[in-house]
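> Sharing final.txt (compact mmCIF, N, CA and C atoms and all ligand atoms) below.
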# COMPACT_ATOMS: atom_id res chain seq x y z
N MET A 17 -43.76 -11.03 -27.23
CA MET A 17 -42.55 -10.22 -27.39
C MET A 17 -42.07 -9.76 -26.03
N ASP A 18 -40.77 -9.97 -25.75
CA ASP A 18 -40.20 -9.52 -24.49
C ASP A 18 -39.83 -8.05 -24.59
N LYS A 19 -40.27 -7.29 -23.63
CA LYS A 19 -39.94 -5.86 -23.60
C LYS A 19 -39.29 -5.57 -22.25
N LYS A 20 -38.10 -4.96 -22.31
CA LYS A 20 -37.32 -4.71 -21.11
C LYS A 20 -38.00 -3.69 -20.21
N TYR A 21 -38.11 -4.05 -18.92
CA TYR A 21 -38.61 -3.11 -17.93
C TYR A 21 -37.45 -2.43 -17.21
N THR A 22 -36.51 -3.26 -16.71
CA THR A 22 -35.35 -2.72 -16.00
C THR A 22 -34.29 -3.81 -15.95
N GLU A 23 -33.22 -3.57 -15.23
CA GLU A 23 -32.17 -4.58 -15.03
C GLU A 23 -31.99 -4.84 -13.55
N CYS A 24 -31.59 -6.05 -13.21
CA CYS A 24 -31.29 -6.40 -11.83
C CYS A 24 -30.13 -5.52 -11.36
N ASN A 25 -30.31 -4.86 -10.23
CA ASN A 25 -29.28 -3.96 -9.71
C ASN A 25 -28.09 -4.71 -9.12
N ARG A 26 -28.18 -6.04 -9.05
CA ARG A 26 -27.09 -6.82 -8.48
C ARG A 26 -26.30 -7.55 -9.58
N CYS A 27 -26.98 -8.24 -10.48
CA CYS A 27 -26.27 -9.05 -11.49
C CYS A 27 -26.43 -8.49 -12.91
N GLY A 28 -27.32 -7.53 -13.10
CA GLY A 28 -27.48 -6.91 -14.40
C GLY A 28 -28.43 -7.63 -15.34
N LYS A 29 -29.00 -8.74 -14.91
CA LYS A 29 -29.93 -9.49 -15.76
C LYS A 29 -31.12 -8.61 -16.13
N VAL A 30 -31.54 -8.73 -17.39
CA VAL A 30 -32.69 -7.96 -17.85
C VAL A 30 -33.96 -8.49 -17.17
N ILE A 31 -34.78 -7.58 -16.69
CA ILE A 31 -36.09 -7.90 -16.13
C ILE A 31 -37.11 -7.34 -17.11
N ASN A 32 -37.84 -8.24 -17.75
CA ASN A 32 -38.85 -7.83 -18.74
C ASN A 32 -40.20 -7.57 -18.08
N TYR A 33 -41.02 -6.81 -18.75
CA TYR A 33 -42.41 -6.69 -18.32
C TYR A 33 -42.98 -8.09 -18.23
N GLY A 34 -43.75 -8.37 -17.22
CA GLY A 34 -44.34 -9.68 -17.03
C GLY A 34 -43.51 -10.61 -16.16
N ASN A 35 -42.23 -10.23 -15.90
CA ASN A 35 -41.39 -11.03 -15.02
C ASN A 35 -41.61 -10.61 -13.58
N ALA A 36 -41.63 -11.58 -12.67
CA ALA A 36 -41.64 -11.25 -11.25
C ALA A 36 -40.24 -10.78 -10.85
N TYR A 37 -40.16 -9.84 -9.98
CA TYR A 37 -38.87 -9.38 -9.47
C TYR A 37 -39.07 -8.92 -8.03
N VAL A 38 -37.95 -8.71 -7.34
CA VAL A 38 -38.00 -8.29 -5.93
C VAL A 38 -37.63 -6.81 -5.89
N SER A 39 -38.51 -6.03 -5.30
CA SER A 39 -38.28 -4.60 -5.15
C SER A 39 -38.21 -4.28 -3.66
N ILE A 40 -37.13 -3.63 -3.27
CA ILE A 40 -37.00 -3.17 -1.88
C ILE A 40 -37.19 -1.66 -1.91
N THR A 41 -38.18 -1.21 -1.19
CA THR A 41 -38.54 0.19 -1.25
C THR A 41 -38.54 0.83 0.13
N ARG A 42 -38.44 2.15 0.13
CA ARG A 42 -38.60 2.93 1.35
C ARG A 42 -39.90 3.70 1.20
N ASN A 43 -40.88 3.37 2.03
CA ASN A 43 -42.17 4.04 1.98
C ASN A 43 -42.36 4.91 3.21
N VAL A 44 -42.95 6.06 3.01
CA VAL A 44 -43.47 6.86 4.11
C VAL A 44 -44.97 6.61 4.10
N GLU A 45 -45.50 6.06 5.19
CA GLU A 45 -46.89 5.63 5.22
C GLU A 45 -47.63 6.24 6.40
N GLN A 46 -48.93 6.33 6.25
CA GLN A 46 -49.79 6.79 7.34
C GLN A 46 -50.95 5.83 7.45
N ALA A 47 -51.12 5.26 8.66
CA ALA A 47 -52.22 4.33 8.90
C ALA A 47 -53.45 5.12 9.35
N ASN A 48 -54.57 4.78 8.77
CA ASN A 48 -55.83 5.42 9.14
C ASN A 48 -56.85 4.33 9.45
N PHE A 49 -57.81 4.67 10.32
CA PHE A 49 -58.88 3.73 10.62
C PHE A 49 -60.21 4.41 10.33
N ASP A 50 -61.00 3.78 9.46
CA ASP A 50 -62.29 4.33 9.06
C ASP A 50 -63.39 3.71 9.91
N LEU A 51 -63.96 4.51 10.83
CA LEU A 51 -64.99 3.99 11.73
C LEU A 51 -66.24 3.58 10.97
N ALA A 52 -66.53 4.26 9.88
CA ALA A 52 -67.75 3.95 9.11
C ALA A 52 -67.69 2.55 8.49
N THR A 53 -66.53 2.16 8.02
CA THR A 53 -66.38 0.84 7.39
C THR A 53 -65.69 -0.17 8.30
N ASN A 54 -65.25 0.31 9.50
CA ASN A 54 -64.54 -0.54 10.46
C ASN A 54 -63.33 -1.23 9.81
N SER A 55 -62.61 -0.45 9.04
CA SER A 55 -61.44 -1.03 8.37
C SER A 55 -60.28 -0.04 8.41
N GLU A 56 -59.11 -0.59 8.33
CA GLU A 56 -57.92 0.26 8.29
C GLU A 56 -57.42 0.36 6.87
N GLU A 57 -56.76 1.46 6.62
CA GLU A 57 -56.10 1.60 5.34
C GLU A 57 -54.77 2.29 5.56
N ILE A 58 -53.82 1.93 4.72
CA ILE A 58 -52.48 2.51 4.79
C ILE A 58 -52.31 3.41 3.58
N GLU A 59 -52.08 4.67 3.84
CA GLU A 59 -51.81 5.61 2.76
C GLU A 59 -50.31 5.72 2.55
N VAL A 60 -49.86 5.47 1.34
CA VAL A 60 -48.45 5.63 1.00
C VAL A 60 -48.25 7.07 0.56
N ILE A 61 -47.54 7.83 1.40
CA ILE A 61 -47.33 9.24 1.13
C ILE A 61 -46.17 9.44 0.16
N ASP A 62 -45.14 8.62 0.30
CA ASP A 62 -43.98 8.73 -0.59
C ASP A 62 -43.36 7.34 -0.71
N SER A 63 -42.85 7.01 -1.87
CA SER A 63 -42.25 5.70 -2.09
C SER A 63 -41.03 5.84 -2.99
N ASN A 64 -39.93 5.29 -2.53
CA ASN A 64 -38.70 5.30 -3.33
C ASN A 64 -38.16 3.88 -3.43
N GLU A 65 -37.93 3.40 -4.66
CA GLU A 65 -37.34 2.09 -4.83
C GLU A 65 -35.86 2.18 -4.52
N ILE A 66 -35.40 1.34 -3.59
CA ILE A 66 -33.99 1.31 -3.21
C ILE A 66 -33.22 0.40 -4.16
N ILE A 67 -33.80 -0.77 -4.45
CA ILE A 67 -33.11 -1.72 -5.31
C ILE A 67 -34.15 -2.63 -5.95
N ALA A 68 -33.90 -3.01 -7.20
CA ALA A 68 -34.73 -3.99 -7.91
C ALA A 68 -33.85 -5.18 -8.22
N LEU A 69 -34.32 -6.36 -7.91
CA LEU A 69 -33.52 -7.58 -8.07
C LEU A 69 -34.28 -8.61 -8.88
N CYS A 70 -33.54 -9.35 -9.74
CA CYS A 70 -34.16 -10.47 -10.45
C CYS A 70 -34.56 -11.53 -9.42
N GLY A 71 -35.33 -12.49 -9.84
CA GLY A 71 -35.79 -13.52 -8.90
C GLY A 71 -34.64 -14.25 -8.23
N SER A 72 -33.60 -14.60 -9.00
CA SER A 72 -32.48 -15.35 -8.43
C SER A 72 -31.78 -14.56 -7.33
N CYS A 73 -31.49 -13.28 -7.60
CA CYS A 73 -30.81 -12.45 -6.60
C CYS A 73 -31.75 -12.12 -5.45
N GLY A 74 -32.99 -11.79 -5.77
CA GLY A 74 -33.94 -11.39 -4.74
C GLY A 74 -34.26 -12.49 -3.77
N ASN A 75 -34.25 -13.73 -4.26
CA ASN A 75 -34.57 -14.84 -3.37
C ASN A 75 -33.44 -15.17 -2.40
N LEU A 76 -32.27 -14.55 -2.59
CA LEU A 76 -31.19 -14.73 -1.63
C LEU A 76 -31.46 -13.96 -0.35
N PHE A 77 -32.38 -13.01 -0.41
CA PHE A 77 -32.69 -12.19 0.76
C PHE A 77 -34.14 -12.44 1.16
N ASN A 78 -34.35 -12.80 2.40
CA ASN A 78 -35.72 -12.84 2.89
C ASN A 78 -35.94 -11.63 3.80
N ALA A 79 -37.14 -11.41 4.19
CA ALA A 79 -37.46 -10.20 4.97
C ALA A 79 -36.70 -10.15 6.29
N ASP A 80 -36.50 -11.30 6.93
CA ASP A 80 -35.77 -11.32 8.20
C ASP A 80 -34.32 -10.89 8.02
N THR A 81 -33.69 -11.37 6.92
CA THR A 81 -32.30 -10.99 6.65
C THR A 81 -32.19 -9.49 6.44
N ILE A 82 -33.09 -8.95 5.66
CA ILE A 82 -33.06 -7.51 5.38
C ILE A 82 -33.30 -6.71 6.66
N ALA A 83 -34.24 -7.16 7.49
CA ALA A 83 -34.51 -6.48 8.75
C ALA A 83 -33.28 -6.50 9.65
N ASN A 84 -32.56 -7.62 9.69
CA ASN A 84 -31.35 -7.71 10.51
C ASN A 84 -30.29 -6.73 10.03
N ILE A 85 -30.14 -6.61 8.71
CA ILE A 85 -29.16 -5.67 8.15
C ILE A 85 -29.53 -4.24 8.52
N ILE A 86 -30.80 -3.89 8.32
CA ILE A 86 -31.24 -2.52 8.60
C ILE A 86 -31.12 -2.21 10.09
N ASN A 87 -31.46 -3.18 10.94
CA ASN A 87 -31.36 -2.96 12.38
C ASN A 87 -29.92 -2.79 12.83
N GLY A 88 -28.95 -3.23 12.00
CA GLY A 88 -27.55 -3.07 12.32
C GLY A 88 -27.00 -1.70 11.97
N ILE A 89 -27.77 -0.89 11.27
CA ILE A 89 -27.33 0.45 10.90
C ILE A 89 -27.50 1.36 12.11
N PRO A 90 -26.42 2.03 12.53
CA PRO A 90 -26.55 2.92 13.69
C PRO A 90 -27.53 4.06 13.41
N THR A 91 -28.34 4.39 14.40
CA THR A 91 -29.26 5.50 14.23
C THR A 91 -28.61 6.82 14.62
N ASP A 92 -27.49 6.73 15.34
CA ASP A 92 -26.74 7.94 15.69
C ASP A 92 -25.87 8.31 14.49
N SER A 93 -26.21 9.40 13.82
CA SER A 93 -25.53 9.76 12.57
C SER A 93 -24.03 10.00 12.77
N SER A 94 -23.58 10.28 13.99
CA SER A 94 -22.15 10.50 14.21
C SER A 94 -21.34 9.22 14.03
N LYS A 95 -22.05 8.06 14.04
CA LYS A 95 -21.36 6.78 13.88
C LYS A 95 -21.32 6.33 12.43
N HIS A 96 -21.95 7.08 11.54
CA HIS A 96 -21.94 6.69 10.14
C HIS A 96 -20.56 6.94 9.54
N ILE A 97 -20.15 6.05 8.67
CA ILE A 97 -18.88 6.19 7.98
C ILE A 97 -19.12 6.91 6.67
N ASN A 98 -18.40 7.99 6.46
CA ASN A 98 -18.52 8.72 5.20
C ASN A 98 -17.44 8.29 4.25
N ASN A 99 -17.80 7.78 3.09
CA ASN A 99 -16.80 7.37 2.08
C ASN A 99 -16.60 8.48 1.08
ZN ZN B 101 -29.95 -10.60 -10.36
Will you turn the file into structure tokens for me?

Amino acid sequence: MDKKYTECNRCGKVINYGNAYVSITRNVEQANFDLATNSEEIEVIDSNEIIALCGSCGNLFNADTIANIINGIPTDSSKHINN
């Protein structure tokens, strides 16, 4: 039985439980190194999903494309356009 989990934020297609989908999130993370186990771990302090995309829409974006878009956003808030 298909049970709806969410909808694609771009095309509206239903994403059911068990379907793979692309989630773009904003995480606040802290890296730690455990000397006893000689291993690192990343603690996710906060996580917000920015967008969920079906496979078809999500595969249009690879990590490099998304990084280029984000790097194009001015960090000086005075340059932001307010709509
Ligand atoms: Zn979609």
> Hey, which residues come within 7 Å of ligand ZN 101 (chain B) if we count only C-alpha atoms and all ligand atoms? Could you give them as a ChimeraX atom specification?
/A:24-29,69-74
> Can you spit out the residues from that selection as a tab-separated table (two decimals), in the coordinates of the input, using N, CA and C atoms?

chain	number	residue	atom	x	y	z
A	24	CYS	N	-31.59	-6.05	-13.21
A	24	CYS	CA	-31.29	-6.40	-11.83
A	24	CYS	C	-30.13	-5.52	-11.36
A	25	ASN	N	-30.31	-4.86	-10.23
A	25	ASN	CA	-29.28	-3.96	-9.71
A	25	ASN	C	-28.09	-4.71	-9.12
A	26	ARG	N	-28.18	-6.04	-9.05
A	26	ARG	CA	-27.09	-6.82	-8.48
A	26	ARG	C	-26.30	-7.55	-9.58
A	27	CYS	N	-26.98	-8.24	-10.48
A	27	CYS	CA	-26.27	-9.05	-11.49
A	27	CYS	C	-26.43	-8.49	-12.91
A	28	GLY	N	-27.32	-7.53	-13.10
A	28	GLY	CA	-27.48	-6.91	-14.40
A	28	GLY	C	-28.43	-7.63	-15.34
A	29	LYS	N	-29.00	-8.74	-14.91
A	29	LYS	CA	-29.93	-9.49	-15.76
A	29	LYS	C	-31.12	-8.61	-16.13
A	69	LEU	N	-34.32	-6.36	-7.91
A	69	LEU	CA	-33.52	-7.58	-8.07
A	69	LEU	C	-34.28	-8.61	-8.88
A	70	CYS	N	-33.54	-9.35	-9.74
A	70	CYS	CA	-34.16	-10.47	-10.45
A	70	CYS	C	-34.56	-11.53	-9.42
A	71	GLY	N	-35.33	-12.49	-9.84
A	71	GLY	CA	-35.79	-13.52	-8.90
A	71	GLY	C	-34.64	-14.25	-8.23
A	72	SER	N	-33.60	-14.60	-9.00
A	72	SER	CA	-32.48	-15.35	-8.43
A	72	SER	C	-31.78	-14.56	-7.33
A	73	CYS	N	-31.49	-13.28	-7.60
A	73	CYS	CA	-30.81	-12.45	-6.60
A	73	CYS	C	-31.75	-12.12	-5.45
A	74	GLY	N	-32.99	-11.79	-5.77
A	74	GLY	CA	-33.94	-11.39	-4.74
A	74	GLY	C	-34.26	-12.49	-3.77
> Residues within 6.5 Å of Val30 (chain A), please, as an MDAnalysis selection string. Count only N, CA and C atoms; anything in the same chain fewer than 4 positions from it doesn't count.
chainID A and resid 20:24
> Quick one: write out the picked residues with N, CA and C atoms as a tab-separated table (two decimals), in the coordinates of the input?

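Result file selection.tsv:
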chain	number	residue	atom	x	y	z
A	20	LYS	N	-38.10	-4.96	-22.31
A	20	LYS	CA	-37.32	-4.71	-21.11
A	20	LYS	C	-38.00	-3.69	-20.21
A	21	TYR	N	-38.11	-4.05	-18.92
A	21	TYR	CA	-38.61	-3.11	-17.93
A	21	TYR	C	-37.45	-2.43	-17.21
A	22	THR	N	-36.51	-3.26	-16.71
A	22	THR	CA	-35.35	-2.72	-16.00
A	22	THR	C	-34.29	-3.81	-15.95
A	23	GLU	N	-33.22	-3.57	-15.23
A	23	GLU	CA	-32.17	-4.58	-15.03
A	23	GLU	C	-31.99	-4.84	-13.55
A	24	CYS	N	-31.59	-6.05	-13.21
A	24	CYS	CA	-31.29	-6.40	-11.83
A	24	CYS	C	-30.13	-5.52	-11.36
> Quick one: what's the axis-aligned box for region 30-40 of chain A, all listed atoms, 5 Å on every side, centre and edges in Å to one decimal, as lines of an AutoDock Vina configuration file?

center_x = -37.9
center_y = -6.6
center_z = -10.3
size_x = 22.8
size_y = 19.9
size_z = 26.9
> Would you work out the distance separating atom N of Tyr33 (chain A) from atom C of Ala83 (chain A), expressed in Å to one decimal?
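Value for the atom N of Tyr33 (chain A)-atom C of Ala83 (chain A) distance: 29.4 Å.
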> Enter the distance from CA of Ile67 (chain A) to CA of Asn35 (chain A), in Å, rounded to one decimal.
15.8 Å
> Would you mind reading off the distance between atom C of Thr81 (chain A) and CA of Val38 (chain A), one decimal, in Å?
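So the answer is 13.7 Å.
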> Mind listing the strand (DSSP E or B) residues of chain A, per DSSP on the backbone, as a ChimeraX atom specification?
/A:20-23,30-32,38-50,55-69
> Per DSSP on the backbone, filter chain A down to the residues in helix (DSSP H, G or I) and report them as a list in words.
Gly71, Ser72, Cys73, Gly74, Ala79, Asp80, Thr81, Ile82, Ala83, Asn84, Ile85, Ile86, Asn87, Ser93, Ser94 and Lys95 of chain A
> A:Asn48, A:Asp18, A:Ser55, A:Ile85: which is nearest Asn32 (chain A), counting only C-alpha atoms?
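For Asn32 (chain A), the nearest of the given residues is A:Asp18.
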> Quick one: residues within 6.5 Å of (-45.7, 8.3, 1.1) (file frame), counting all atoms listed in the file, please, as a list of chain:residue names.
A:Asn43, A:Val44, A:Glu45, A:Gln46, A:Glu59, A:Val60, A:Ile61, A:Asp62, A:Ser63
> Counting only N, CA and C atoms, figure out which residue out of A:Glu57, A:Phe49, A:Pro90, A:Lys19 gets nearest to Ile31 (chain A).
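Smallest separation from Ile31 (chain A) among the options: A:Lys19.
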